[in-house]
file query08.csv (CSV, N, CA and C atoms)
chain,number,residue,atom,x,y,z
A,1,GLN,N,85.0,80.7,102.1
A,1,GLN,CA,86.1,81.7,101.8
A,1,GLN,C,86.2,81.9,100.3
A,2,VAL,N,86.1,83.2,100.0
A,2,VAL,CA,86.2,83.5,98.5
A,2,VAL,C,87.6,83.4,98.0
A,3,GLN,N,87.8,82.8,96.9
A,3,GLN,CA,89.1,82.7,96.3
A,3,GLN,C,89.0,82.9,94.8
A,4,LEU,N,89.9,83.7,94.2
A,4,LEU,CA,90.1,83.8,92.8
A,4,LEU,C,91.5,83.5,92.5
A,5,VAL,N,91.8,82.5,91.8
A,5,VAL,CA,93.2,82.0,91.5
A,5,VAL,C,93.5,82.1,90.0
A,6,GLU,N,94.4,83.0,89.7
A,6,GLU,CA,94.8,83.1,88.3
A,6,GLU,C,95.9,82.2,88.0
A,7,SER,N,96.0,81.8,86.7
A,7,SER,CA,97.1,81.0,86.2
A,7,SER,C,97.2,81.2,84.7
A,8,GLY,N,98.3,80.7,84.2
A,8,GLY,CA,98.5,80.8,82.7
A,8,GLY,C,99.5,81.9,82.3
A,9,GLY,N,99.9,82.7,83.2
A,9,GLY,CA,100.9,83.8,82.8
A,9,GLY,C,102.3,83.2,82.5
A,10,GLY,N,103.1,84.0,82.0
A,10,GLY,CA,104.5,83.6,81.7
A,10,GLY,C,105.2,84.6,80.8
A,11,LEU,N,106.3,84.1,80.2
A,11,LEU,CA,107.1,84.9,79.3
A,11,LEU,C,106.8,84.4,77.9
A,12,VAL,N,106.6,85.4,77.0
A,12,VAL,CA,106.2,85.0,75.6
A,12,VAL,C,106.9,86.1,74.7
A,13,GLN,N,107.2,85.7,73.5
A,13,GLN,CA,107.7,86.7,72.6
A,13,GLN,C,106.6,87.5,72.0
A,14,ALA,N,106.9,88.7,71.5
A,14,ALA,CA,106.0,89.6,70.8
A,14,ALA,C,105.3,88.8,69.7
A,15,GLY,N,104.0,89.0,69.6
A,15,GLY,CA,103.3,88.2,68.5
A,15,GLY,C,102.7,86.9,69.0
A,16,GLY,N,103.2,86.5,70.2
A,16,GLY,CA,102.7,85.2,70.7
A,16,GLY,C,101.4,85.3,71.4
A,17,SER,N,101.0,84.2,72.0
A,17,SER,CA,99.7,84.1,72.7
A,17,SER,C,99.8,83.5,74.1
A,18,LEU,N,98.9,83.8,74.9
A,18,LEU,CA,98.7,83.2,76.2
A,18,LEU,C,97.2,83.1,76.5
A,19,ARG,N,96.9,82.0,77.3
A,19,ARG,CA,95.5,81.9,77.8
A,19,ARG,C,95.6,81.9,79.3
A,20,LEU,N,95.0,83.0,79.9
A,20,LEU,CA,94.9,83.1,81.3
A,20,LEU,C,93.6,82.5,81.8
A,21,SER,N,93.7,81.9,83.0
A,21,SER,CA,92.5,81.3,83.6
A,21,SER,C,92.4,81.8,85.0
A,22,CYS,N,91.1,81.9,85.5
A,22,CYS,CA,90.9,82.3,86.8
A,22,CYS,C,89.8,81.4,87.4
A,23,ALA,N,90.2,80.6,88.4
A,23,ALA,CA,89.3,79.7,89.0
A,23,ALA,C,88.7,80.3,90.3
A,24,ALA,N,87.4,80.3,90.4
A,24,ALA,CA,86.7,81.0,91.4
A,24,ALA,C,86.0,80.0,92.4
A,25,SER,N,86.0,80.3,93.7
A,25,SER,CA,85.3,79.5,94.7
A,25,SER,C,84.8,80.4,95.8
A,26,GLY,N,83.9,79.9,96.6
A,26,GLY,CA,83.4,80.6,97.8
A,26,GLY,C,82.3,81.5,97.5
A,27,PHE,N,81.8,81.6,96.3
A,27,PHE,CA,80.6,82.4,96.0
A,27,PHE,C,79.9,81.8,94.7
A,28,VAL,N,78.7,82.3,94.5
A,28,VAL,CA,78.0,81.7,93.3
A,28,VAL,C,78.5,82.4,92.1
A,29,PHE,N,79.4,81.7,91.4
A,29,PHE,CA,80.1,82.3,90.2
A,29,PHE,C,79.2,82.7,89.1
A,30,SER,N,78.1,81.9,88.9
A,30,SER,CA,77.2,82.2,87.8
A,30,SER,C,76.4,83.5,88.0
A,31,LEU,N,76.4,84.0,89.2
A,31,LEU,CA,75.7,85.2,89.5
A,31,LEU,C,76.6,86.5,89.5
A,32,SER,N,77.9,86.3,89.1
A,32,SER,CA,78.8,87.3,89.1
A,32,SER,C,79.4,87.7,87.8
A,33,PRO,N,79.1,89.0,87.3
A,33,PRO,CA,79.9,89.5,86.2
A,33,PRO,C,81.4,89.5,86.6
A,34,MET,N,82.2,89.2,85.6
A,34,MET,CA,83.7,89.1,85.9
A,34,MET,C,84.5,90.0,85.1
A,35,GLY,N,85.7,90.3,85.5
A,35,GLY,CA,86.5,91.2,84.7
A,35,GLY,C,88.0,90.8,84.9
A,36,TRP,N,88.8,91.3,83.9
A,36,TRP,CA,90.2,91.2,84.0
A,36,TRP,C,90.8,92.6,84.0
A,37,PHE,N,91.8,92.9,84.9
A,37,PHE,CA,92.5,94.1,84.9
A,37,PHE,C,94.0,93.8,84.8
A,38,ARG,N,94.8,94.8,84.6
A,38,ARG,CA,96.2,94.6,84.6
A,38,ARG,C,97.0,95.8,85.2
A,39,GLN,N,98.1,95.5,85.7
A,39,GLN,CA,98.9,96.6,86.3
A,39,GLN,C,100.4,96.4,85.9
A,40,ALA,N,100.9,97.4,85.1
A,40,ALA,CA,102.3,97.4,84.7
A,40,ALA,C,103.1,98.1,85.8
A,41,PRO,N,104.4,97.9,85.8
A,41,PRO,CA,105.2,98.6,86.8
A,41,PRO,C,105.1,100.1,86.7
A,42,GLY,N,104.9,100.7,87.9
A,42,GLY,CA,104.8,102.2,87.9
A,42,GLY,C,103.5,102.8,87.4
A,43,LYS,N,102.6,101.9,87.0
A,43,LYS,CA,101.3,102.4,86.5
A,43,LYS,C,100.1,101.9,87.4
A,44,GLU,N,99.0,102.6,87.2
A,44,GLU,CA,97.8,102.2,87.9
A,44,GLU,C,97.2,100.9,87.2
A,45,ARG,N,96.4,100.2,88.1
A,45,ARG,CA,95.7,99.1,87.6
A,45,ARG,C,94.6,99.5,86.6
A,46,GLU,N,94.6,98.9,85.4
A,46,GLU,CA,93.7,99.3,84.4
A,46,GLU,C,92.8,98.2,83.9
A,47,PHE,N,91.6,98.6,83.4
A,47,PHE,CA,90.6,97.7,82.9
A,47,PHE,C,91.1,97.0,81.6
A,48,VAL,N,90.8,95.7,81.5
A,48,VAL,CA,91.2,95.0,80.2
A,48,VAL,C,89.9,94.5,79.6
A,49,ALA,N,89.1,93.7,80.3
A,49,ALA,CA,87.9,93.1,79.7
A,49,ALA,C,86.9,92.7,80.8
A,50,ALA,N,85.7,92.6,80.4
A,50,ALA,CA,84.6,92.2,81.3
A,50,ALA,C,83.6,91.3,80.6
A,51,ILE,N,82.9,90.5,81.4
A,51,ILE,CA,82.0,89.6,80.8
A,51,ILE,C,80.8,89.5,81.7
A,52,SER,N,79.6,89.3,81.2
A,52,SER,CA,78.4,89.2,81.9
A,52,SER,C,78.2,87.9,82.6
A,53,ARG,N,77.2,87.7,83.4
A,53,ARG,CA,77.0,86.4,84.1
A,53,ARG,C,76.9,85.2,83.2
A,54,SER,N,76.2,85.4,82.1
A,54,SER,CA,75.9,84.3,81.2
A,54,SER,C,77.0,84.2,80.1
A,55,GLY,N,77.8,85.2,80.0
A,55,GLY,CA,78.9,85.2,79.0
A,55,GLY,C,78.4,85.8,77.7
A,56,GLY,N,77.1,86.2,77.7
A,56,GLY,CA,76.5,86.8,76.4
A,56,GLY,C,76.9,88.2,76.1
A,57,SER,N,77.4,88.9,77.1
A,57,SER,CA,77.9,90.3,76.8
A,57,SER,C,79.3,90.4,77.3
A,58,THR,N,80.1,91.2,76.5
A,58,THR,CA,81.5,91.4,76.8
A,58,THR,C,81.9,92.8,76.5
A,59,ASP,N,83.0,93.3,77.1
A,59,ASP,CA,83.5,94.6,76.9
A,59,ASP,C,85.0,94.6,77.0
A,60,TYR,N,85.6,95.4,76.2
A,60,TYR,CA,87.1,95.4,76.1
A,60,TYR,C,87.6,96.8,76.1
A,61,ALA,N,88.8,97.0,76.7
A,61,ALA,CA,89.6,98.2,76.6
A,61,ALA,C,90.0,98.3,75.1
A,62,ASP,N,90.1,99.6,74.6
A,62,ASP,CA,90.4,99.8,73.2
A,62,ASP,C,91.8,99.2,72.9
A,63,SER,N,92.7,99.2,73.9
A,63,SER,CA,94.1,98.7,73.7
A,63,SER,C,94.2,97.2,73.4
A,64,VAL,N,93.1,96.5,73.8
A,64,VAL,CA,93.2,95.0,73.6
A,64,VAL,C,92.1,94.5,72.6
A,65,LYS,N,91.2,95.4,72.2
A,65,LYS,CA,90.1,95.0,71.4
A,65,LYS,C,90.6,94.4,70.1
A,66,GLY,N,90.1,93.2,69.7
A,66,GLY,CA,90.5,92.5,68.5
A,66,GLY,C,91.7,91.6,68.7
A,67,ARG,N,92.3,91.7,69.9
A,67,ARG,CA,93.5,90.8,70.2
A,67,ARG,C,93.1,89.9,71.4
A,68,PHE,N,92.4,90.3,72.3
A,68,PHE,CA,92.0,89.6,73.5
A,68,PHE,C,90.6,89.1,73.5
A,69,THR,N,90.3,88.0,74.1
A,69,THR,CA,88.9,87.5,74.2
A,69,THR,C,88.7,87.0,75.6
A,70,ILE,N,87.6,87.5,76.2
A,70,ILE,CA,87.2,87.0,77.5
A,70,ILE,C,86.1,86.0,77.3
A,71,SER,N,86.1,85.0,78.1
A,71,SER,CA,85.1,84.0,78.1
A,71,SER,C,84.9,83.3,79.5
A,72,ARG,N,83.9,82.5,79.7
A,72,ARG,CA,83.7,81.9,81.0
A,72,ARG,C,83.0,80.6,80.8
A,73,ASP,N,83.3,79.7,81.8
A,73,ASP,CA,82.6,78.4,81.8
A,73,ASP,C,82.0,78.3,83.2
A,74,ASN,N,80.7,78.5,83.3
A,74,ASN,CA,80.0,78.6,84.6
A,74,ASN,C,80.0,77.2,85.3
A,75,ALA,N,80.1,76.1,84.5
A,75,ALA,CA,80.1,74.8,85.0
A,75,ALA,C,81.4,74.5,85.7
A,76,LYS,N,82.5,75.2,85.3
A,76,LYS,CA,83.8,75.0,85.9
A,76,LYS,C,84.2,76.2,86.8
A,77,ASN,N,83.3,77.2,87.0
A,77,ASN,CA,83.6,78.3,87.8
A,77,ASN,C,84.9,79.0,87.4
A,78,THR,N,85.1,79.2,86.1
A,78,THR,CA,86.3,79.7,85.6
A,78,THR,C,86.1,80.7,84.5
A,79,VAL,N,86.9,81.8,84.6
A,79,VAL,CA,86.8,82.8,83.5
A,79,VAL,C,88.2,82.8,82.9
A,80,TYR,N,88.2,83.1,81.6
A,80,TYR,CA,89.4,83.0,80.8
A,80,TYR,C,89.7,84.3,80.1
A,81,LEU,N,91.0,84.5,79.7
A,81,LEU,CA,91.4,85.6,78.9
A,81,LEU,C,92.4,85.1,77.9
A,82,GLN,N,91.9,84.9,76.6
A,82,GLN,CA,92.8,84.5,75.5
A,82,GLN,C,93.4,85.8,75.0
A,83,SER,N,94.7,85.8,75.0
A,83,SER,CA,95.5,87.0,74.6
A,83,SER,C,96.4,86.6,73.4
A,84,ASN,N,96.1,87.2,72.3
A,84,ASN,CA,96.8,87.0,71.0
A,84,ASN,C,97.5,88.2,70.6
A,85,SER,N,98.4,88.0,69.7
A,85,SER,CA,99.2,89.1,69.1
A,85,SER,C,99.8,90.0,70.2
A,86,LEU,N,100.4,89.4,71.2
A,86,LEU,CA,100.9,90.1,72.4
A,86,LEU,C,102.0,91.1,72.0
A,87,GLU,N,102.0,92.2,72.7
A,87,GLU,CA,103.0,93.3,72.5
A,87,GLU,C,103.7,93.5,73.8
A,88,PRO,N,104.9,94.0,73.7
A,88,PRO,CA,105.7,94.4,75.0
A,88,PRO,C,104.8,95.3,75.9
A,89,GLU,N,104.0,96.1,75.3
A,89,GLU,CA,103.2,97.0,76.1
A,89,GLU,C,102.1,96.2,77.0
A,90,ASP,N,101.9,94.9,76.6
A,90,ASP,CA,101.0,94.1,77.4
A,90,ASP,C,101.6,93.5,78.7
A,91,THR,N,102.9,93.7,78.8
A,91,THR,CA,103.6,93.2,80.0
A,91,THR,C,103.0,93.9,81.3
A,92,ALA,N,102.5,93.0,82.2
A,92,ALA,CA,101.8,93.5,83.4
A,92,ALA,C,101.5,92.3,84.3
A,93,VAL,N,101.1,92.6,85.5
A,93,VAL,CA,100.4,91.5,86.3
A,93,VAL,C,98.9,91.6,86.0
A,94,TYR,N,98.3,90.5,85.6
A,94,TYR,CA,96.9,90.4,85.3
A,94,TYR,C,96.1,89.8,86.4
A,95,TYR,N,95.0,90.6,86.7
A,95,TYR,CA,94.2,90.2,87.8
A,95,TYR,C,92.8,89.9,87.3
A,96,CYS,N,92.1,88.9,87.9
A,96,CYS,CA,90.7,88.7,87.6
A,96,CYS,C,90.0,89.2,88.8
A,97,ALA,N,88.7,89.6,88.6
A,97,ALA,CA,87.9,90.2,89.7
A,97,ALA,C,86.5,89.9,89.5
A,98,SER,N,85.7,89.9,90.6
A,98,SER,CA,84.3,89.6,90.6
A,98,SER,C,83.5,90.8,90.9
A,99,ARG,N,82.5,91.0,90.1
A,99,ARG,CA,81.5,92.1,90.4
A,99,ARG,C,80.3,91.5,91.1
A,100,TYR,N,80.5,90.6,92.0
A,100,TYR,CA,79.4,89.8,92.7
A,100,TYR,C,78.4,90.8,93.3
A,101,GLY,N,77.2,90.5,93.1
A,101,GLY,CA,76.1,91.4,93.7
A,101,GLY,C,75.6,92.4,92.7
A,102,ARG,N,76.3,92.5,91.6
A,102,ARG,CA,75.8,93.5,90.6
A,102,ARG,C,75.4,92.8,89.3
A,103,THR,N,74.5,93.4,88.6
A,103,THR,CA,74.2,92.9,87.3
A,103,THR,C,75.0,93.6,86.2
A,104,TRP,N,75.0,93.0,85.0
A,104,TRP,CA,75.8,93.6,83.9
A,104,TRP,C,75.5,95.0,83.7
A,105,GLY,N,74.3,95.4,83.8
A,105,GLY,CA,73.9,96.8,83.5
A,105,GLY,C,74.2,97.8,84.6
A,106,GLU,N,74.5,97.3,85.8
A,106,GLU,CA,74.8,98.2,86.9
A,106,GLU,C,76.3,98.7,86.7
A,107,GLY,N,76.5,99.9,86.2
A,107,GLY,CA,77.8,100.4,85.9
A,107,GLY,C,78.3,99.8,84.7
A,108,LYS,N,79.5,100.2,84.3
A,108,LYS,CA,80.1,99.7,83.0
A,108,LYS,C,81.1,98.5,83.3
A,109,GLY,N,81.5,98.3,84.5
A,109,GLY,CA,82.4,97.2,84.8
A,109,GLY,C,83.8,97.6,84.4
A,110,ARG,N,84.1,98.8,84.3
A,110,ARG,CA,85.5,99.3,83.9
A,110,ARG,C,86.2,99.9,85.1
A,111,LEU,N,85.5,100.1,86.2
A,111,LEU,CA,86.1,100.7,87.4
A,111,LEU,C,86.5,99.7,88.4
A,112,ARG,N,87.6,99.9,89.0
A,112,ARG,CA,88.1,98.9,90.1
A,112,ARG,C,87.1,98.9,91.2
A,113,ASP,N,86.5,100.0,91.6
A,113,ASP,CA,85.6,100.1,92.7
A,113,ASP,C,84.3,99.3,92.5
A,114,GLU,N,84.0,98.9,91.3
A,114,GLU,CA,82.8,98.1,91.1
A,114,GLU,C,83.0,96.6,91.4
A,115,TYR,N,84.3,96.2,91.7
A,115,TYR,CA,84.6,94.8,91.9
A,115,TYR,C,84.8,94.5,93.4
A,116,LYS,N,84.2,93.4,93.8
A,116,LYS,CA,84.2,93.1,95.2
A,116,LYS,C,85.3,92.1,95.6
A,117,PHE,N,85.6,91.2,94.7
A,117,PHE,CA,86.6,90.2,95.0
A,117,PHE,C,87.7,90.3,94.0
A,118,TRP,N,89.0,90.0,94.4
A,118,TRP,CA,90.1,90.1,93.5
A,118,TRP,C,91.0,88.9,93.7
A,119,GLY,N,91.7,88.5,92.6
A,119,GLY,CA,92.7,87.5,92.7
A,119,GLY,C,94.1,88.1,93.1
A,120,GLN,N,95.1,87.2,93.2
A,120,GLN,CA,96.4,87.7,93.5
A,120,GLN,C,97.2,88.1,92.3
A,121,GLY,N,96.8,87.7,91.1
A,121,GLY,CA,97.4,88.1,89.9
A,121,GLY,C,98.4,87.1,89.3
A,122,THR,N,98.6,87.2,88.0
A,122,THR,CA,99.6,86.3,87.3
A,122,THR,C,100.4,87.2,86.4
A,123,GLN,N,101.7,87.0,86.4
A,123,GLN,CA,102.6,87.9,85.6
A,123,GLN,C,102.6,87.5,84.1
A,124,VAL,N,102.5,88.4,83.3
A,124,VAL,CA,102.6,88.3,81.8
A,124,VAL,C,103.8,89.2,81.4
A,125,THR,N,104.8,88.6,80.8
A,125,THR,CA,105.9,89.3,80.3
A,125,THR,C,106.1,89.0,78.8
A,126,VAL,N,106.1,90.1,78.0
A,126,VAL,CA,106.2,90.0,76.5
A,126,VAL,C,107.5,90.6,76.1
A,127,SER,N,108.3,89.8,75.5
A,127,SER,CA,109.7,90.3,75.1
A,127,SER,C,109.6,90.7,73.6
A,128,SER,N,110.4,91.7,73.3
A,128,SER,CA,110.4,92.2,71.9
A,128,SER,C,111.4,91.5,71.1

call {"tool": "encode", "arguments": {"input": "query08.csv", "output": "structure tokens"}}
result
Amino acid sequence: QVQLVESGGGLVQAGGSLRLSCAASGFVFSLSPMGWFRQAPGKEREFVAAISRSGGSTDYADSVKGRFTISRDNAKNTVYLQSNSLEPEDTAVYYCASRYGRTWGEGKGRLRDEYKFWGQGTQVTVSS
């Protein structure tokens, strides 16, 4: 049974930091490019960051570039999102997702339809 379980969300003041984690099971994690998306109230789910199977390649939405860092530990079957300099506009439910069955070069990893497995999400709230 495939599972993606996010953790690390919470309430933080503007300018603060959070480290989100996503623990994967039920598939070969090291064969899966991974991504983070977020969904704010009343808005569509949007791409945040993606990482290749090895972790050697990453991609970021312009809105988070320079503030967020995606990484992974294949030995722990876990992908992370280090979020710094948080802004109220970063408030959303954050989801991790697996592009299992695809390579890094197949598509850009920015579209929801490219992802096969999804977690349940973790809430991030940034107060001003």

call {"tool": "select_by_dssp", "arguments": {"input": "query08.csv", "residues": "stretch 6-76 of chain A", "states": "strand (DSSP E or B)", "output": "compact mmCIF listing (two decimals) with N, CA and C atoms, in the frame of the given file"}}
result
# COMPACT_ATOMS: atom_id res chain seq x y z
N GLU A 6 94.40 83.00 89.70
CA GLU A 6 94.80 83.10 88.30
C GLU A 6 95.90 82.20 88.00
N SER A 7 96.00 81.80 86.70
CA SER A 7 97.10 81.00 86.20
C SER A 7 97.20 81.20 84.70
N GLY A 10 103.10 84.00 82.00
CA GLY A 10 104.50 83.60 81.70
C GLY A 10 105.20 84.60 80.80
N LEU A 11 106.30 84.10 80.20
CA LEU A 11 107.10 84.90 79.30
C LEU A 11 106.80 84.40 77.90
N VAL A 12 106.60 85.40 77.00
CA VAL A 12 106.20 85.00 75.60
C VAL A 12 106.90 86.10 74.70
N GLN A 13 107.20 85.70 73.50
CA GLN A 13 107.70 86.70 72.60
C GLN A 13 106.60 87.50 72.00
N LEU A 18 98.90 83.80 74.90
CA LEU A 18 98.70 83.20 76.20
C LEU A 18 97.20 83.10 76.50
N ARG A 19 96.90 82.00 77.30
CA ARG A 19 95.50 81.90 77.80
C ARG A 19 95.60 81.90 79.30
N LEU A 20 95.00 83.00 79.90
CA LEU A 20 94.90 83.10 81.30
C LEU A 20 93.60 82.50 81.80
N SER A 21 93.70 81.90 83.00
CA SER A 21 92.50 81.30 83.60
C SER A 21 92.40 81.80 85.00
N CYS A 22 91.10 81.90 85.50
CA CYS A 22 90.90 82.30 86.80
C CYS A 22 89.80 81.40 87.40
N ALA A 23 90.20 80.60 88.40
CA ALA A 23 89.30 79.70 89.00
C ALA A 23 88.70 80.30 90.30
N ALA A 24 87.40 80.30 90.40
CA ALA A 24 86.70 81.00 91.40
C ALA A 24 86.00 80.00 92.40
N SER A 25 86.00 80.30 93.70
CA SER A 25 85.30 79.50 94.70
C SER A 25 84.80 80.40 95.80
N MET A 34 82.20 89.20 85.60
CA MET A 34 83.70 89.10 85.90
C MET A 34 84.50 90.00 85.10
N GLY A 35 85.70 90.30 85.50
CA GLY A 35 86.50 91.20 84.70
C GLY A 35 88.00 90.80 84.90
N TRP A 36 88.80 91.30 83.90
CA TRP A 36 90.20 91.20 84.00
C TRP A 36 90.80 92.60 84.00
N PHE A 37 91.80 92.90 84.90
CA PHE A 37 92.50 94.10 84.90
C PHE A 37 94.00 93.80 84.80
N ARG A 38 94.80 94.80 84.60
CA ARG A 38 96.20 94.60 84.60
C ARG A 38 97.00 95.80 85.20
N GLN A 39 98.10 95.50 85.70
CA GLN A 39 98.90 96.60 86.30
C GLN A 39 100.40 96.40 85.90
N GLU A 46 94.60 98.90 85.40
CA GLU A 46 93.70 99.30 84.40
C GLU A 46 92.80 98.20 83.90
N PHE A 47 91.60 98.60 83.40
CA PHE A 47 90.60 97.70 82.90
C PHE A 47 91.10 97.00 81.60
N VAL A 48 90.80 95.70 81.50
CA VAL A 48 91.20 95.00 80.20
C VAL A 48 89.90 94.50 79.60
N ALA A 49 89.10 93.70 80.30
CA ALA A 49 87.90 93.10 79.70
C ALA A 49 86.90 92.70 80.80
N ALA A 50 85.70 92.60 80.40
CA ALA A 50 84.60 92.20 81.30
C ALA A 50 83.60 91.30 80.60
N ILE A 51 82.90 90.50 81.40
CA ILE A 51 82.00 89.60 80.80
C ILE A 51 80.80 89.50 81.70
N THR A 58 80.10 91.20 76.50
CA THR A 58 81.50 91.40 76.80
C THR A 58 81.90 92.80 76.50
N ASP A 59 83.00 93.30 77.10
CA ASP A 59 83.50 94.60 76.90
C ASP A 59 85.00 94.60 77.00
N TYR A 60 85.60 95.40 76.20
CA TYR A 60 87.10 95.40 76.10
C TYR A 60 87.60 96.80 76.10
N PHE A 68 92.40 90.30 72.30
CA PHE A 68 92.00 89.60 73.50
C PHE A 68 90.60 89.10 73.50
N THR A 69 90.30 88.00 74.10
CA THR A 69 88.90 87.50 74.20
C THR A 69 88.70 87.00 75.60
N ILE A 70 87.60 87.50 76.20
CA ILE A 70 87.20 87.00 77.50
C ILE A 70 86.10 86.00 77.30
N SER A 71 86.10 85.00 78.10
CA SER A 71 85.10 84.00 78.10
C SER A 71 84.90 83.30 79.50
N ARG A 72 83.90 82.50 79.70
CA ARG A 72 83.70 81.90 81.00
C ARG A 72 83.00 80.60 80.80
N ASP A 73 83.30 79.70 81.80
CA ASP A 73 82.60 78.40 81.80
C ASP A 73 82.00 78.30 83.20

call {"tool": "atom_distance", "arguments": {"input": "query08.csv", "atom1": "atom C of A:Phe68", "atom2": "atom CA of A:Gln82"}}
result
5.5 Å

call {"tool": "closest_residue", "arguments": {"input": "query08.csv", "among": "A:Ser25, A:Gln3, A:Thr103, A:Gln39", "to": "A:Ser57", "atoms": "only C-alpha atoms"}}
result
A:Thr103

call {"tool": "residues_around", "arguments": {"input": "query08.csv", "residues": "A:Asp62", "least_positions_apart": "2", "cutoff": "12 Å", "atoms": "only C-alpha atoms", "output": "number ranges by chain"}}
result
A: 46-49, 59-60, 64-68, 110

call {"tool": "atom_distance", "arguments": {"input": "query08.csv", "atom1": "atom CA of A:Lys108", "atom2": "atom CA of A:Gly56"}}
result
14.9 Å

call {"tool": "closest_residue", "arguments": {"input": "query08.csv", "among": "A:Ala23, A:Leu4, A:Leu81, A:Leu31", "to": "A:Gln120", "atoms": "only N, CA and C atoms"}}
result
A:Leu4

call {"tool": "closest_residue", "arguments": {"input": "query08.csv", "among": "A:Lys116, A:Arg53, A:Arg45, A:Arg19", "to": "A:Ser98", "atoms": "all atoms listed in the file"}}
result
A:Lys116

call {"tool": "residues_around", "arguments": {"input": "query08.csv", "residues": "A:Leu20", "least_positions_apart": "6", "cutoff": "8 Å", "atoms": "only N, CA and C atoms", "output": "short mmCIF file (atom, residue, chain, number, x, y, z; two decimals) with N, CA and C atoms, keeping the file's coordinate frame"}}
result
data_model
loop_
_atom_site.label_atom_id
_atom_site.label_comp_id
_atom_site.auth_asym_id
_atom_site.auth_seq_id
_atom_site.Cartn_x
_atom_site.Cartn_y
_atom_site.Cartn_z
N GLU A 6 94.40 83.00 89.70
CA GLU A 6 94.80 83.10 88.30
C GLU A 6 95.90 82.20 88.00
N SER A 7 96.00 81.80 86.70
CA SER A 7 97.10 81.00 86.20
C SER A 7 97.20 81.20 84.70
N GLY A 8 98.30 80.70 84.20
CA GLY A 8 98.50 80.80 82.70
C GLY A 8 99.50 81.90 82.30
N GLY A 9 99.90 82.70 83.20
CA GLY A 9 100.90 83.80 82.80
C GLY A 9 102.30 83.20 82.50
N VAL A 79 86.90 81.80 84.60
CA VAL A 79 86.80 82.80 83.50
C VAL A 79 88.20 82.80 82.90
N TYR A 80 88.20 83.10 81.60
CA TYR A 80 89.40 83.00 80.80
C TYR A 80 89.70 84.30 80.10
N LEU A 81 91.00 84.50 79.70
CA LEU A 81 91.40 85.60 78.90
C LEU A 81 92.40 85.10 77.90
N GLN A 82 91.90 84.90 76.60
CA GLN A 82 92.80 84.50 75.50
C GLN A 82 93.40 85.80 75.00
N SER A 83 94.70 85.80 75.00
CA SER A 83 95.50 87.00 74.60
C SER A 83 96.40 86.60 73.40
#

call {"tool": "atom_distance", "arguments": {"input": "query08.csv", "atom1": "atom CA of A:Phe27", "atom2": "atom N of A:Gln1"}}
result
7.7 Å

call {"tool": "residues_around", "arguments": {"input": "query08.csv", "residues": "A:Asn74", "least_positions_apart": "2", "cutoff": "7 Å", "atoms": "all atoms listed in the file", "output": "list in words"}}
result
Phe29, Ser30, Arg72, Lys76, Asn77 and Thr78 of chain A

call {"tool": "residues_around", "arguments": {"input": "query08.csv", "residues": "A:Ala40", "least_positions_apart": "5", "cutoff": "8 Å", "atoms": "all atoms listed in the file", "output": "mmCIF file with N, CA and C atoms, keeping the file's coordinate frame"}}
result
data_model
loop_
_atom_site.group_PDB
_atom_site.id
_atom_site.type_symbol
_atom_site.label_atom_id
_atom_site.label_comp_id
_atom_site.auth_asym_id
_atom_site.auth_seq_id
_atom_site.Cartn_x
_atom_site.Cartn_y
_atom_site.Cartn_z
ATOM 1 N N ARG A 45 96.400 100.200 88.100
ATOM 2 C CA ARG A 45 95.700 99.100 87.600
ATOM 3 C C ARG A 45 94.600 99.500 86.600
ATOM 4 N N GLU A 46 94.600 98.900 85.400
ATOM 5 C CA GLU A 46 93.700 99.300 84.400
ATOM 6 C C GLU A 46 92.800 98.200 83.900
ATOM 7 N N GLU A 89 104.000 96.100 75.300
ATOM 8 C CA GLU A 89 103.200 97.000 76.100
ATOM 9 C C GLU A 89 102.100 96.200 77.000
ATOM 10 N N ASP A 90 101.900 94.900 76.600
ATOM 11 C CA ASP A 90 101.000 94.100 77.400
ATOM 12 C C ASP A 90 101.600 93.500 78.700
ATOM 13 N N THR A 91 102.900 93.700 78.800
ATOM 14 C CA THR A 91 103.600 93.200 80.000
ATOM 15 C C THR A 91 103.000 93.900 81.300
ATOM 16 N N ALA A 92 102.500 93.000 82.200
ATOM 17 C CA ALA A 92 101.800 93.500 83.400
ATOM 18 C C ALA A 92 101.500 92.300 84.300
ATOM 19 N N VAL A 93 101.100 92.600 85.500
ATOM 20 C CA VAL A 93 100.400 91.500 86.300
ATOM 21 C C VAL A 93 98.900 91.600 86.000
ATOM 22 N N TYR A 94 98.300 90.500 85.600
ATOM 23 C CA TYR A 94 96.900 90.400 85.300
ATOM 24 C C TYR A 94 96.100 89.800 86.400
#

call {"tool": "residues_around", "arguments": {"input": "query08.csv", "residues": "A:Val28", "least_positions_apart": "4", "cutoff": "8 Å", "atoms": "only N, CA and C atoms", "output": "list in words"}}
result
Ala24, Ser32, Asn77 and Tyr100 of chain A

call {"tool": "residues_near_point", "arguments": {"input": "query08.csv", "point": "(81.1, 87.8, 84.3)", "cutoff": "6.5 Å", "atoms": "all atoms listed in the file", "output": "list in words"}}
result
Ser32, Pro33, Met34, Gly35, Ala50, Ile51, Ser52, Arg53, Ser54 and Gly55 of chain A

call {"tool": "select_by_dssp", "arguments": {"input": "query08.csv", "residues": "stretch 44-122 of chain A", "states": "helix (DSSP H, G or I)", "output": "short mmCIF file (atom, residue, chain, number, x, y, z; two decimals) with N, CA and C atoms, in the coordinates of the input"}}
result
data_model
loop_
_atom_site.label_atom_id
_atom_site.label_comp_id
_atom_site.auth_asym_id
_atom_site.auth_seq_id
_atom_site.Cartn_x
_atom_site.Cartn_y
_atom_site.Cartn_z
N PRO A 88 104.90 94.00 73.70
CA PRO A 88 105.70 94.40 75.00
C PRO A 88 104.80 95.30 75.90
N GLU A 89 104.00 96.10 75.30
CA GLU A 89 103.20 97.00 76.10
C GLU A 89 102.10 96.20 77.00
N ASP A 90 101.90 94.90 76.60
CA ASP A 90 101.00 94.10 77.40
C ASP A 90 101.60 93.50 78.70
N ARG A 112 87.60 99.90 89.00
CA ARG A 112 88.10 98.90 90.10
C ARG A 112 87.10 98.90 91.20
N ASP A 113 86.50 100.00 91.60
CA ASP A 113 85.60 100.10 92.70
C ASP A 113 84.30 99.30 92.50
N GLU A 114 84.00 98.90 91.30
CA GLU A 114 82.80 98.10 91.10
C GLU A 114 83.00 96.60 91.40
#
